[in-house]
Structure formats: structure tokens, C-alpha cells
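Enquirer: Starting off with a structure, shown below.
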Amino acid sequence: MFMDTKKITELSKLIRYFILKSTTKAGSGHPTSSMSAAELMAVLFFDGFYTYDLSNPHNPKNHRLLFSKGHASPLFYSLYAAAGAVSEDELMTLRQADSNIEGHPTTRFKYTEAPTGSLGQGLSIGLGMALAASNAAGADAPRVYVLMGDGEFAEGNIYEALELAGYYKAHNLLGILDVNRLGQSDPTMVEWDIDTYRRRVEPFGWTTFVLEDGHDVNAIRSAYQSAEKVKDKPQMIIAKTKKGKGVSFLEDKLGWHGKVLDAEQLKIALDELGEIDKDLRGEIIKP
Amino acid sequence: MKATRESYGEALVQLGKKYPEIVALDAETKNSTFSEFFKKKFPHRFYDCFIAEQNMIGMAVGMARMGKIPFASTFAAFLSRAYDQIRMAGLGESNIKLVGSHAGVSIGEDGSSQMALEDLAMMRAVWNSVVLYPSDDVSTSKLVEEMVKHHGLCYLRTTRAKTPSLYESGENFPIGGFKVHSSSANRKSQTAEEQVTIISAGITLHEALKAQKELENKIDVMVIDLYSIKPINAEELRKAVVGDRIIAVEDHWFEGGLGDAVLNVFADHPNVRIEKLAVTSLPHSGSPEENLRRAGIDKEGIKKKINVLIR
């Protein structure tokens, strides 16, 4: 663990810059759904939790990551850009015909484990990976992380996965629920009532970590630390976040799902983000 | 006599010894799909997924990504419940193997809710899928091994009822192939107008072979076992048929199954007449024989259609 809160904060800012710039360049995409999970993912990647050999995706000791909320692909790709594994030039090819970084993640991009974008499926895939890994490596099995949106928690498939993961005591599976309150056309059914999510998840045999502020780097770190210590149950971090976090005219605003900023709006947004160290890169620890 | 679902269970155990990457998953139907044989032999490589098919397919995709060769089985009808997950597995070119038992009206007494009548259509429409439909013990075990060797999404349709043995153990069943069962009638004595080719697979293949036998002194009927419904070696199939009349028979809805796969092969052959025999009325409980008869896809239905074509 690096425990460098300031650096994670700076990296989160850089990631937001990448998200906004790449989606404006693409002319479409889901920047606000990406921004809500920036800290959750920045801590995972760059604070030493997610261990992965970027030069060898087939290393059996690699941790695994699934973006079940596949529409947050700008965040997904920006993380690899912030890790130095994707150049800023490549990032700017988002959604273009010959690019490997598609609108929703596909296996054309080498760090995608499975295509996502049809919601509610990532947790099951993550469970399969976690069980296959623990079958081979037992207690030392690499961990599997699944980022989910609160909108997709309406899908029945999620509850099937919760149930089976609890049954199999998938100790190396960690769900990360990004409760940003807003869906595509309206708020979700329970909005920011994160305790309802906790009460839904725990009875299936999960340990949960509820974060009142899903942008608080120290709180996120401590949740990942605690989750790692759980050895007999799957875990879920349930984090209250703001969709469009970091830019005031996007933050927690309906009507911005799947919409990108035009050039003028981008300028205002980047001004608000403040000074960004574009050369800053985070380190993903190798297994 | 053995049900292909039972042959599947036995084959998976044999292959499990040879391929340590094989794992099996089942949605609480393991004593019907016979995946329980695998569970008994390899308890640590078997995952009970209970009655949650969507999750089972997702788990299989995850396991395949980790280098396993997952065989996920349930009643074929219930795989439709996970079609979106299967569709996505196709997009990811995932190496998952799906096995659906209890296909068609021939399951009999359990009634329409348990009959897969759209599975072939559904699976054919998945990107890069392989769709296989064996008819006996040997073809089943050979096709299960073909599924292991092939990298990509494969679907095997198995049958509830016991069916007689058709093939010797030395026969090969490559993906994309088919088997020809020629008539004993003297072909040379007959003109094209007196020849018919029946293309079928699975349970109705046996009905086609019965029809062929009963007509053997009168009409030259060739029967083709199209065990590989996707892909099809179209060029070879076009060469194999005799005459210019084809009857495609299947225990599946009229839309999207084996018959439509055959139509695609002959789409640019204006001189070939193709008749499809499939399920066109709402099926219900009854004996397997009764249900096949009612759907017009048993030997009598096939003979009737042959007579219409030959007349």
C-alpha cells in the first residue's frame, strides 16, 4: 500500500480530465457515470490493492477486474491511461471505427476480461473467475473486483449472483457498488438509501462496507483494507457517490446520462477541475 | 437404446479424465441432464448453480476466461432464460459449452413449458456459435469431445427419450459434417422425380430412418443426419443430396431451426424444392410418440410428405 492520499487525489483529477476530454472528442459516451467512481477505482488501482502485470494479462496471479457498469468505459480506459498502459493519443480514439477502445468494453481491448454493457451480468462473471481462481489457488487465490452501478441493481441476475457467491463463500470476490443515485431517465428506486443496499446484500452471506462518501480516498482505502481481511465471505463496498462528481454543473444532475460536453462546456469543466499534472502516472503493483 | 442426455453425462466423465480443464455447472437438473455423473467423479470440478440460469452462464464465462472448459447444462428450454448472457458470451468469443436436454415435443407428458422449441433458432443466432444435435450414443460422445477441442461457444442439444444406436464407435463426427444414410433402393433405376432427401437430426432422424425403411422397395429416400446444424459444410451438403426434393424434419418450431439452416444452404438453388416439417401447432402433454405424431414429424408424417412430393 502506498497510502499517498494526495497522489490518489491528483490521479483522480487526471482521470476526470481523461474522461471528459476523451468523451468530448468522441462526441458521445457516458462521462458522468464514469466520474462517480473515479476515486473508488483510483484507490483500487493506484494504492496497491489491484495487483496486475500489465505486460502479461495471462499471469495467473493477476487480480481481475470487471466493469459490470460497462457504460463507464471512459473511466475504465482512463485508469489504464493513468497507469501509463494506454497513451493519451490512443485514449482520444475512443469509439472510433478502428479503435480498440469501444463504446462499451469489449475484448478488443487487451485488459477487458469480458464484454459488458448489458447490465447486471458482471458479478456472475466475476464469481466464475473467483471460483476458478480459488479452486486452483485456495486461500491465496487472486482477488476479483466487480464495479457495479446502482441502476443495474434492479436486474434479477445480480441477486442470483449474490446468492450463489454467498453459497460458495467466494472470499476472493469484491463487489464495488457505485450508488450515484441517478439512472438514465430518472433517479433509481431507492436513490441514496445505501442502507437498503446493505440490507439486501448482507443476508445472501456477504460482508459489506458502507461508505457515506464514496469520494473520500481515506475511507475507500480503509474499506479495501478491511475487505481483504475477510476470508470466508464475498465482500461488497457500497458507496454513496455523485454522478458527474468534480464538475458543478454535472454533479448529481439529471439529464446528463450518456451526454458529453461540447467544446465550450469542456473548457468550463476543465477550468473547474483546476491544474492537472498530465504527466502524473500511477503504479499498478505486479503480483 | 440410450438417451443422448445420458450419453452426454458418460462422455463428460471420460473427457474429464483426459482434460483437467473441464468443469461442469448445472442449474439443479443434474439428474436429468446427467451432469451428475461428472459431479460424482469430480466433485471439486462441479458447480451446482441451483435454479439460476443467468448466473450460471455468467459463471461459465468467468471460468472460461480463467482457462477452464466449462460445460453448463440444464433443460434446453431454460437456457432461453439466459439468452442475453449467452449473446454476450458470443460477443466475447467465450469458450463456453452449453448443453440443453429435454428438447422438443418428444419430451412428452411434462407439457409445453418444459419443451425447448426455439433453442436451435436462439443458438444459431449467436455470433460464431457451434450448434450440434446428436442422435445416438456414439455421435453424442464424439460431439462432446469435438466441443472440447473447438475453442468457442458450442451448444449441444440432447434428447430425453432413449434412441437406438446408429453408429459404430470408429466413426468421426467433425464439426460442420453430416452423415449420409443411403436407401437400399436401386438408385439408377429411378429418375430425379422419384428421389427424395430427408435432412434431419436427433429424435426425428430416427423417424426419418423408419420412413426410409418402410419405403425402401418403392421410393429412393436418402436420409442425412445433419448433426452439425451450425456450421454446415454447404458445398458438401449440396453435393450429397439426391434428387431435387428435400424434406427437412425437426422437433422444433417452424422458425429458425434445422429447416431454416437447410433453406439457407439451398437459397441460391431455384430448382430444389424444400419442404419443412416442424412443430406448427401448440403442443401439449401426451406420450412422446403421440406428440411427434400430432406435430406431423413422426415416420407417418414424413411418409405422407414424401408421397406428396413424389406424386
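Each chain of the C-alpha cells is named A, B, ... in the order shown, its residues numbered from 1; ligands are numbered from 1 in display order.
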Leaving out Gly170 of chain B and any residue of its chain fewer than 2 positions from it, which residues lie within 10 Å of it when counting only C-alpha atoms, given as a count of residues only?

Expert: 6

Enquirer: So that I can see what lies close to segment 116-120 of chain B, please list as a PDB file with N, CA and C atoms, in the first residue's frame the residues with an atom at most 6 Å from it, counting only C-alpha atoms and leaving out residues fewer than 3 positions away in the same chain.

Expert:
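The resulting file, result-v9.pdb, is shown below:
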```pdb
ATOM      1  N   ALA B  76     -32.984 -27.564 -22.078  1.00  0.00           N
ATOM      2  CA  ALA B  76     -32.730 -26.610 -23.169  1.00  0.00           C
ATOM      3  C   ALA B  76     -33.698 -25.424 -23.095  1.00  0.00           C
ATOM      4  N   ALA B  77     -34.921 -25.695 -22.670  1.00  0.00           N
ATOM      5  CA  ALA B  77     -35.931 -24.623 -22.615  1.00  0.00           C
ATOM      6  C   ALA B  77     -35.484 -23.489 -21.704  1.00  0.00           C
ATOM      7  N   ALA B 103     -35.203 -31.544 -25.276  1.00  0.00           N
ATOM      8  CA  ALA B 103     -35.602 -30.693 -26.390  1.00  0.00           C
ATOM      9  C   ALA B 103     -36.838 -31.256 -27.077  1.00  0.00           C
ATOM     10  N   GLY B 104     -37.724 -30.346 -27.459  1.00  0.00           N
ATOM     11  CA  GLY B 104     -38.809 -30.702 -28.359  1.00  0.00           C
ATOM     12  C   GLY B 104     -40.045 -31.307 -27.728  1.00  0.00           C
ATOM     13  N   MET B 123     -29.736 -20.414 -30.556  1.00  0.00           N
ATOM     14  CA  MET B 123     -28.299 -20.672 -30.547  1.00  0.00           C
ATOM     15  C   MET B 123     -27.658 -20.419 -31.910  1.00  0.00           C
ATOM     16  N   ARG B 124     -28.406 -20.678 -32.982  1.00  0.00           N
ATOM     17  CA  ARG B 124     -27.857 -20.390 -34.317  1.00  0.00           C
ATOM     18  C   ARG B 124     -27.553 -18.910 -34.470  1.00  0.00           C
ATOM     19  N   HIS B 252     -38.841 -28.957 -33.361  1.00  0.00           N
ATOM     20  CA  HIS B 252     -38.525 -27.543 -33.072  1.00  0.00           C
ATOM     21  C   HIS B 252     -39.623 -26.743 -33.746  1.00  0.00           C
ATOM     22  N   TRP B 253     -39.810 -25.507 -33.317  1.00  0.00           N
ATOM     23  CA  TRP B 253     -40.751 -24.656 -34.051  1.00  0.00           C
ATOM     24  C   TRP B 253     -40.338 -24.557 -35.517  1.00  0.00           C
ATOM     25  N   GLY B 257     -34.932 -23.068 -37.067  1.00  0.00           N
ATOM     26  CA  GLY B 257     -34.192 -24.263 -36.670  1.00  0.00           C
ATOM     27  C   GLY B 257     -33.434 -24.921 -37.808  1.00  0.00           C
TER      28      GLY B 257
END
```

Enquirer: Find the spatial neighbours of Asn62 of chain A, counting only C-alpha atoms, within a cut-off of 8 Å - ignore same-chain residues fewer than 4 positions away - and output them as JSON, numbers by chain.

Expert: {"A": [51, 52, 53, 57, 58, 142, 286, 287]}

Enquirer: Among segment 31-161 of chain B, which ones does DSSP assign to helix (DSSP H, G or I) (computed from the backbone)? Answer as a PyMOL selection string.

Expert: chain B and resi 31-33+36-41+43-45+53-65+76-91+105-107+112-114+119-124+137-149

Enquirer: So that I can see what lies close to segment 187-201 of chain A, please list as a list of chain:residue names the residues with an atom at most 9 Å from it, counting only C-alpha atoms and leaving out residues fewer than 6 positions away in the same chain.

Expert: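 Those residues are A:Asp150, A:Gly151, A:Phe153, A:Ala154, A:Tyr159, A:Leu162, A:Glu163, A:Val179, A:Asn180, A:Arg181, A:Thr207, A:Thr208, A:Phe209, A:Val210, A:Leu211, A:Glu212, A:Met236, A:Ile238, A:Ala239, A:Lys240, A:Thr241, A:Leu254.
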
Enquirer: Could you please take those selected residues and save N, CA and C atoms as a CSV table (one decimal), in the first residue's frame?

Expert:
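The resulting file, part_16.csv, is reproduced below:
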```csv
chain,number,residue,atom,x,y,z
A,150,ASP,N,-25.7,1.4,-9.4
A,150,ASP,CA,-26.9,1.2,-8.6
A,150,ASP,C,-28.1,0.9,-9.5
A,151,GLY,N,-28.0,1.5,-10.7
A,151,GLY,CA,-29.1,1.3,-11.7
A,151,GLY,C,-29.3,-0.2,-12.0
A,153,PHE,N,-28.7,-2.6,-10.3
A,153,PHE,CA,-29.2,-3.5,-9.1
A,153,PHE,C,-30.6,-3.8,-9.2
A,154,ALA,N,-31.3,-3.3,-10.2
A,154,ALA,CA,-32.7,-3.7,-10.5
A,154,ALA,C,-32.7,-5.1,-11.2
A,159,TYR,N,-29.1,-10.6,-8.2
A,159,TYR,CA,-29.5,-11.3,-7.0
A,159,TYR,C,-29.1,-12.8,-7.1
A,162,LEU,N,-25.5,-12.8,-6.2
A,162,LEU,CA,-25.3,-12.5,-4.7
A,162,LEU,C,-25.5,-13.8,-4.0
A,163,GLU,N,-26.6,-14.5,-4.4
A,163,GLU,CA,-27.0,-15.7,-3.7
A,163,GLU,C,-25.9,-16.8,-3.8
A,179,VAL,N,-23.1,3.9,-5.9
A,179,VAL,CA,-24.5,4.4,-5.8
A,179,VAL,C,-24.6,5.9,-6.1
A,180,ASN,N,-24.7,6.2,-7.4
A,180,ASN,CA,-24.7,7.6,-7.7
A,180,ASN,C,-26.1,8.2,-7.9
A,181,ARG,N,-27.1,7.4,-7.5
A,181,ARG,CA,-28.5,7.9,-7.4
A,181,ARG,C,-29.3,8.0,-8.7
A,207,THR,N,-20.2,-9.8,3.4
A,207,THR,CA,-19.7,-8.7,4.3
A,207,THR,C,-19.8,-7.4,3.5
A,208,THR,N,-20.4,-6.4,4.1
A,208,THR,CA,-20.5,-5.1,3.4
A,208,THR,C,-19.7,-4.0,4.1
A,209,PHE,N,-19.3,-3.1,3.3
A,209,PHE,CA,-18.6,-1.9,3.8
A,209,PHE,C,-19.4,-0.7,3.2
A,210,VAL,N,-20.0,0.1,4.1
A,210,VAL,CA,-20.9,1.2,3.6
A,210,VAL,C,-20.1,2.5,3.7
A,211,LEU,N,-20.0,3.2,2.6
A,211,LEU,CA,-19.3,4.5,2.6
A,211,LEU,C,-20.3,5.6,2.4
A,212,GLU,N,-20.4,6.5,3.3
A,212,GLU,CA,-21.3,7.6,3.2
A,212,GLU,C,-20.7,8.6,2.2
A,236,MET,N,-18.7,-6.6,-0.3
A,236,MET,CA,-19.2,-5.5,-1.1
A,236,MET,C,-19.0,-4.2,-0.5
A,238,ILE,N,-20.3,-0.6,-0.6
A,238,ILE,CA,-21.5,0.1,-1.1
A,238,ILE,C,-21.2,1.6,-0.8
A,239,ALA,N,-21.0,2.4,-1.9
A,239,ALA,CA,-20.5,3.7,-1.7
A,239,ALA,C,-21.5,4.7,-2.3
A,240,LYS,N,-21.8,5.7,-1.5
A,240,LYS,CA,-22.7,6.8,-1.9
A,240,LYS,C,-21.8,7.8,-2.7
A,241,THR,N,-22.1,8.0,-4.0
A,241,THR,CA,-21.3,8.9,-4.8
A,241,THR,C,-22.2,9.9,-5.5
A,254,LEU,N,-29.8,15.4,-13.1
A,254,LEU,CA,-30.5,14.6,-14.1
A,254,LEU,C,-30.3,15.2,-15.5
```

Enquirer: List the neighbours of Asp252 of chain A out to 8 Å using only C-alpha atoms; skip same-chain residues closer than 5 positions along the sequence, and give me the result as a list in words.

Expert: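 So, after excluding close chain neighbours, the residues are Asn180, Arg181, Leu182, Lys242, Lys243, Gly244 and Lys245 of chain A.
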
Enquirer: Near Met148 of chain A, counting only C-alpha atoms, which residues have an atom at most 12 Å away, once you skip same-chain residues fewer than 4 positions from it, shown as a PyMOL selection string?

Expert: chain A and resi 33-34+36-37+40-41+65-72+116-124+126+152-155+158+174-180+236-239

Enquirer: Please produce an output containing N, CA and C atoms for each residue in the selection, written as a compact mmCIF listing (two decimals), in the first residue's frame.

Expert:
```txt
# COMPACT_ATOMS: atom_id res chain seq x y z
N SER A 33 -21.37 8.99 -15.54
CA SER A 33 -21.38 7.67 -14.90
C SER A 33 -19.96 7.20 -14.62
N SER A 34 -19.01 7.74 -15.35
CA SER A 34 -17.61 7.40 -15.14
C SER A 34 -17.03 8.19 -13.97
N SER A 36 -18.41 9.32 -11.29
CA SER A 36 -18.86 8.98 -9.93
C SER A 36 -17.95 7.95 -9.26
N ALA A 37 -17.30 7.11 -10.05
CA ALA A 37 -16.48 6.04 -9.46
C ALA A 37 -14.99 6.32 -9.57
N LEU A 40 -13.15 5.60 -6.26
CA LEU A 40 -13.26 4.17 -5.92
C LEU A 40 -12.26 3.35 -6.74
N MET A 41 -12.13 3.71 -8.01
CA MET A 41 -11.23 2.95 -8.88
C MET A 41 -9.78 3.41 -8.76
N LEU A 65 -10.52 -7.67 -12.92
CA LEU A 65 -11.45 -6.55 -12.77
C LEU A 65 -12.50 -6.58 -13.86
N LEU A 66 -13.74 -6.40 -13.46
CA LEU A 66 -14.83 -6.31 -14.43
C LEU A 66 -15.60 -5.02 -14.18
N PHE A 67 -15.84 -4.31 -15.26
CA PHE A 67 -16.73 -3.15 -15.18
C PHE A 67 -18.13 -3.64 -15.57
N SER A 68 -18.88 -4.09 -14.57
CA SER A 68 -20.24 -4.54 -14.89
C SER A 68 -21.04 -3.37 -15.45
N LYS A 69 -20.80 -2.19 -14.91
CA LYS A 69 -21.42 -0.99 -15.50
C LYS A 69 -20.54 -0.57 -16.67
N GLY A 70 -20.72 -1.30 -17.77
CA GLY A 70 -19.84 -1.14 -18.93
C GLY A 70 -19.89 0.24 -19.56
N HIS A 71 -20.99 0.95 -19.32
CA HIS A 71 -21.08 2.30 -19.91
C HIS A 71 -20.08 3.25 -19.27
N ALA A 72 -19.50 2.86 -18.13
CA ALA A 72 -18.43 3.68 -17.53
C ALA A 72 -17.08 3.39 -18.18
N THR A 116 -18.90 -6.11 -21.47
CA THR A 116 -20.01 -5.74 -20.59
C THR A 116 -20.75 -4.58 -21.23
N GLY A 117 -21.86 -4.25 -20.66
CA GLY A 117 -22.69 -3.19 -21.23
C GLY A 117 -24.13 -3.63 -21.20
N SER A 118 -24.35 -4.93 -21.22
CA SER A 118 -25.68 -5.46 -20.92
C SER A 118 -25.68 -5.63 -19.41
N LEU A 119 -26.46 -4.82 -18.72
CA LEU A 119 -26.26 -4.64 -17.28
C LEU A 119 -26.64 -5.86 -16.45
N GLY A 120 -26.02 -5.93 -15.29
CA GLY A 120 -26.37 -6.96 -14.32
C GLY A 120 -25.64 -8.28 -14.48
N GLN A 121 -24.67 -8.34 -15.38
CA GLN A 121 -24.02 -9.63 -15.67
C GLN A 121 -22.62 -9.77 -15.09
N GLY A 122 -22.00 -8.64 -14.75
CA GLY A 122 -20.59 -8.69 -14.36
C GLY A 122 -20.32 -9.47 -13.09
N LEU A 123 -21.24 -9.41 -12.15
CA LEU A 123 -20.99 -10.07 -10.87
C LEU A 123 -20.93 -11.59 -11.05
N SER A 124 -21.77 -12.12 -11.92
CA SER A 124 -21.74 -13.56 -12.19
C SER A 124 -20.42 -13.97 -12.85
N GLY A 126 -17.63 -12.38 -12.59
CA GLY A 126 -16.62 -12.25 -11.55
C GLY A 126 -16.65 -13.44 -10.59
N GLU A 152 -28.14 -0.90 -12.19
CA GLU A 152 -28.21 -2.30 -12.60
C GLU A 152 -28.60 -3.22 -11.44
N PHE A 153 -28.69 -2.65 -10.25
CA PHE A 153 -29.15 -3.46 -9.12
C PHE A 153 -30.64 -3.79 -9.21
N ALA A 154 -31.31 -3.31 -10.24
CA ALA A 154 -32.69 -3.74 -10.49
C ALA A 154 -32.72 -5.07 -11.24
N GLU A 155 -31.58 -5.48 -11.80
CA GLU A 155 -31.53 -6.71 -12.59
C GLU A 155 -31.58 -7.96 -11.68
N ILE A 158 -28.31 -9.96 -10.80
CA ILE A 158 -27.48 -9.53 -9.68
C ILE A 158 -27.79 -10.37 -8.44
N LEU A 174 -14.84 -9.27 -4.63
CA LEU A 174 -15.23 -7.99 -4.03
C LEU A 174 -16.08 -7.21 -5.01
N GLY A 175 -17.30 -6.91 -4.63
CA GLY A 175 -18.16 -6.05 -5.42
C GLY A 175 -18.00 -4.61 -4.97
N ILE A 176 -18.07 -3.71 -5.93
CA ILE A 176 -17.98 -2.28 -5.61
C ILE A 176 -19.22 -1.64 -6.21
N LEU A 177 -20.10 -1.19 -5.35
CA LEU A 177 -21.37 -0.63 -5.82
C LEU A 177 -21.33 0.89 -5.77
N ASP A 178 -21.40 1.46 -6.94
CA ASP A 178 -21.31 2.91 -7.12
C ASP A 178 -22.74 3.48 -7.10
N VAL A 179 -23.15 3.94 -5.91
CA VAL A 179 -24.54 4.42 -5.76
C VAL A 179 -24.59 5.91 -6.08
N ASN A 180 -24.69 6.20 -7.36
CA ASN A 180 -24.70 7.62 -7.74
C ASN A 180 -26.12 8.18 -7.89
N MET A 236 -18.68 -6.62 -0.27
CA MET A 236 -19.16 -5.55 -1.15
C MET A 236 -18.97 -4.20 -0.49
N ILE A 237 -18.40 -3.29 -1.26
CA ILE A 237 -18.31 -1.89 -0.83
C ILE A 237 -19.50 -1.18 -1.45
N ILE A 238 -20.30 -0.57 -0.60
CA ILE A 238 -21.49 0.14 -1.06
C ILE A 238 -21.22 1.62 -0.82
N ALA A 239 -21.02 2.35 -1.89
CA ALA A 239 -20.52 3.72 -1.74
C ALA A 239 -21.50 4.74 -2.32
```

Enquirer: When you look at Ala82 of chain B with a cut-off of 12 Å (counting only C-alpha atoms), what residues show up, excluding the ones that are within fewer than 4 positions of it in the same chain? I need them as a PDB file with C-alpha atoms, in the first residue's frame.

Expert:
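Contents of the output file result.pdb:
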```pdb
ATOM      1  CA  GLY A 120     -26.373  -6.965 -14.316  1.00  0.00           C
ATOM      2  CA  GLN A 121     -24.021  -9.628 -15.674  1.00  0.00           C
ATOM      3  CA  SER A 124     -21.737 -13.562 -12.192  1.00  0.00           C
ATOM      4  CA  GLY A 156     -32.518 -10.148 -11.293  1.00  0.00           C
ATOM      5  CA  ASN A 157     -29.188 -11.574 -12.414  1.00  0.00           C
ATOM      6  CA  GLU A 160     -28.737 -14.708  -8.469  1.00  0.00           C
TER       7      GLU A 160
ATOM      8  CA  ALA B  27     -28.961 -25.430 -12.808  1.00  0.00           C
ATOM      9  CA  ILE B  51     -32.238 -22.664 -10.436  1.00  0.00           C
ATOM     10  CA  ALA B  52     -30.499 -19.504 -11.578  1.00  0.00           C
ATOM     11  CA  GLU B  53     -29.612 -19.872 -15.238  1.00  0.00           C
ATOM     12  CA  GLN B  54     -28.478 -16.320 -15.903  1.00  0.00           C
ATOM     13  CA  ASN B  55     -25.892 -16.537 -13.170  1.00  0.00           C
ATOM     14  CA  MET B  56     -24.800 -19.980 -14.361  1.00  0.00           C
ATOM     15  CA  ILE B  57     -23.933 -18.673 -17.818  1.00  0.00           C
ATOM     16  CA  GLY B  58     -22.079 -15.709 -16.322  1.00  0.00           C
ATOM     17  CA  MET B  59     -20.120 -18.048 -14.064  1.00  0.00           C
ATOM     18  CA  ALA B  60     -19.260 -20.232 -17.040  1.00  0.00           C
ATOM     19  CA  ALA B  72     -23.134 -25.682 -18.360  1.00  0.00           C
ATOM     20  CA  SER B  73     -26.250 -27.808 -18.592  1.00  0.00           C
ATOM     21  CA  THR B  74     -29.951 -27.556 -17.909  1.00  0.00           C
ATOM     22  CA  PHE B  75     -33.191 -28.222 -19.754  1.00  0.00           C
ATOM     23  CA  ALA B  76     -32.730 -26.610 -23.169  1.00  0.00           C
ATOM     24  CA  ALA B  77     -35.931 -24.623 -22.615  1.00  0.00           C
ATOM     25  CA  PHE B  78     -34.441 -22.823 -19.643  1.00  0.00           C
ATOM     26  CA  ILE B  86     -25.331 -16.241 -23.978  1.00  0.00           C
ATOM     27  CA  ARG B  87     -25.450 -13.442 -26.547  1.00  0.00           C
ATOM     28  CA  MET B  88     -22.808 -11.542 -24.581  1.00  0.00           C
ATOM     29  CA  ALA B  89     -20.687 -14.696 -24.259  1.00  0.00           C
ATOM     30  CA  LEU B  98     -23.792 -25.312 -23.298  1.00  0.00           C
ATOM     31  CA  ASP B 119     -33.304 -23.347 -28.793  1.00  0.00           C
ATOM     32  CA  MET B 122     -31.680 -18.971 -30.499  1.00  0.00           C
ATOM     33  CA  MET B 123     -28.299 -20.672 -30.547  1.00  0.00           C
TER      34      MET B 123
END
```

Enquirer: If you run DSSP on this backbone, which residues of segment 22-230 of chain B come out as strand (DSSP E), and could you give them as a PyMOL selection string?

Expert: chain B and resi 22-26+46-48+69-75+97-101+130-132+154-157+162-163+179-181+195-200+220-225+228-230

Enquirer: Just the number, please: distance in Å from atom CA of Asn172 of chain A to atom CA of Ala81 of chain A, one decimal.

Expert: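 Between atom CA of Asn172 of chain A and atom CA of Ala81 of chain A the gap works out to 26.3 Å.
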
Enquirer: Could you please determine the separation between atom CA of Glu300 of chain B and atom CA of Ala234 of chain B in Å, to one decimal place?

Expert: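 If I compute the distance from atom CA of Glu300 of chain B to atom CA of Ala234 of chain B, I get 28.6 Å.
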
Enquirer: When you count only C-alpha atoms, which of these residues is closest to Val217 of chain A: A:Glu113, A:Glu102, A:Glu264, A:Asp4?

Expert: A:Asp4
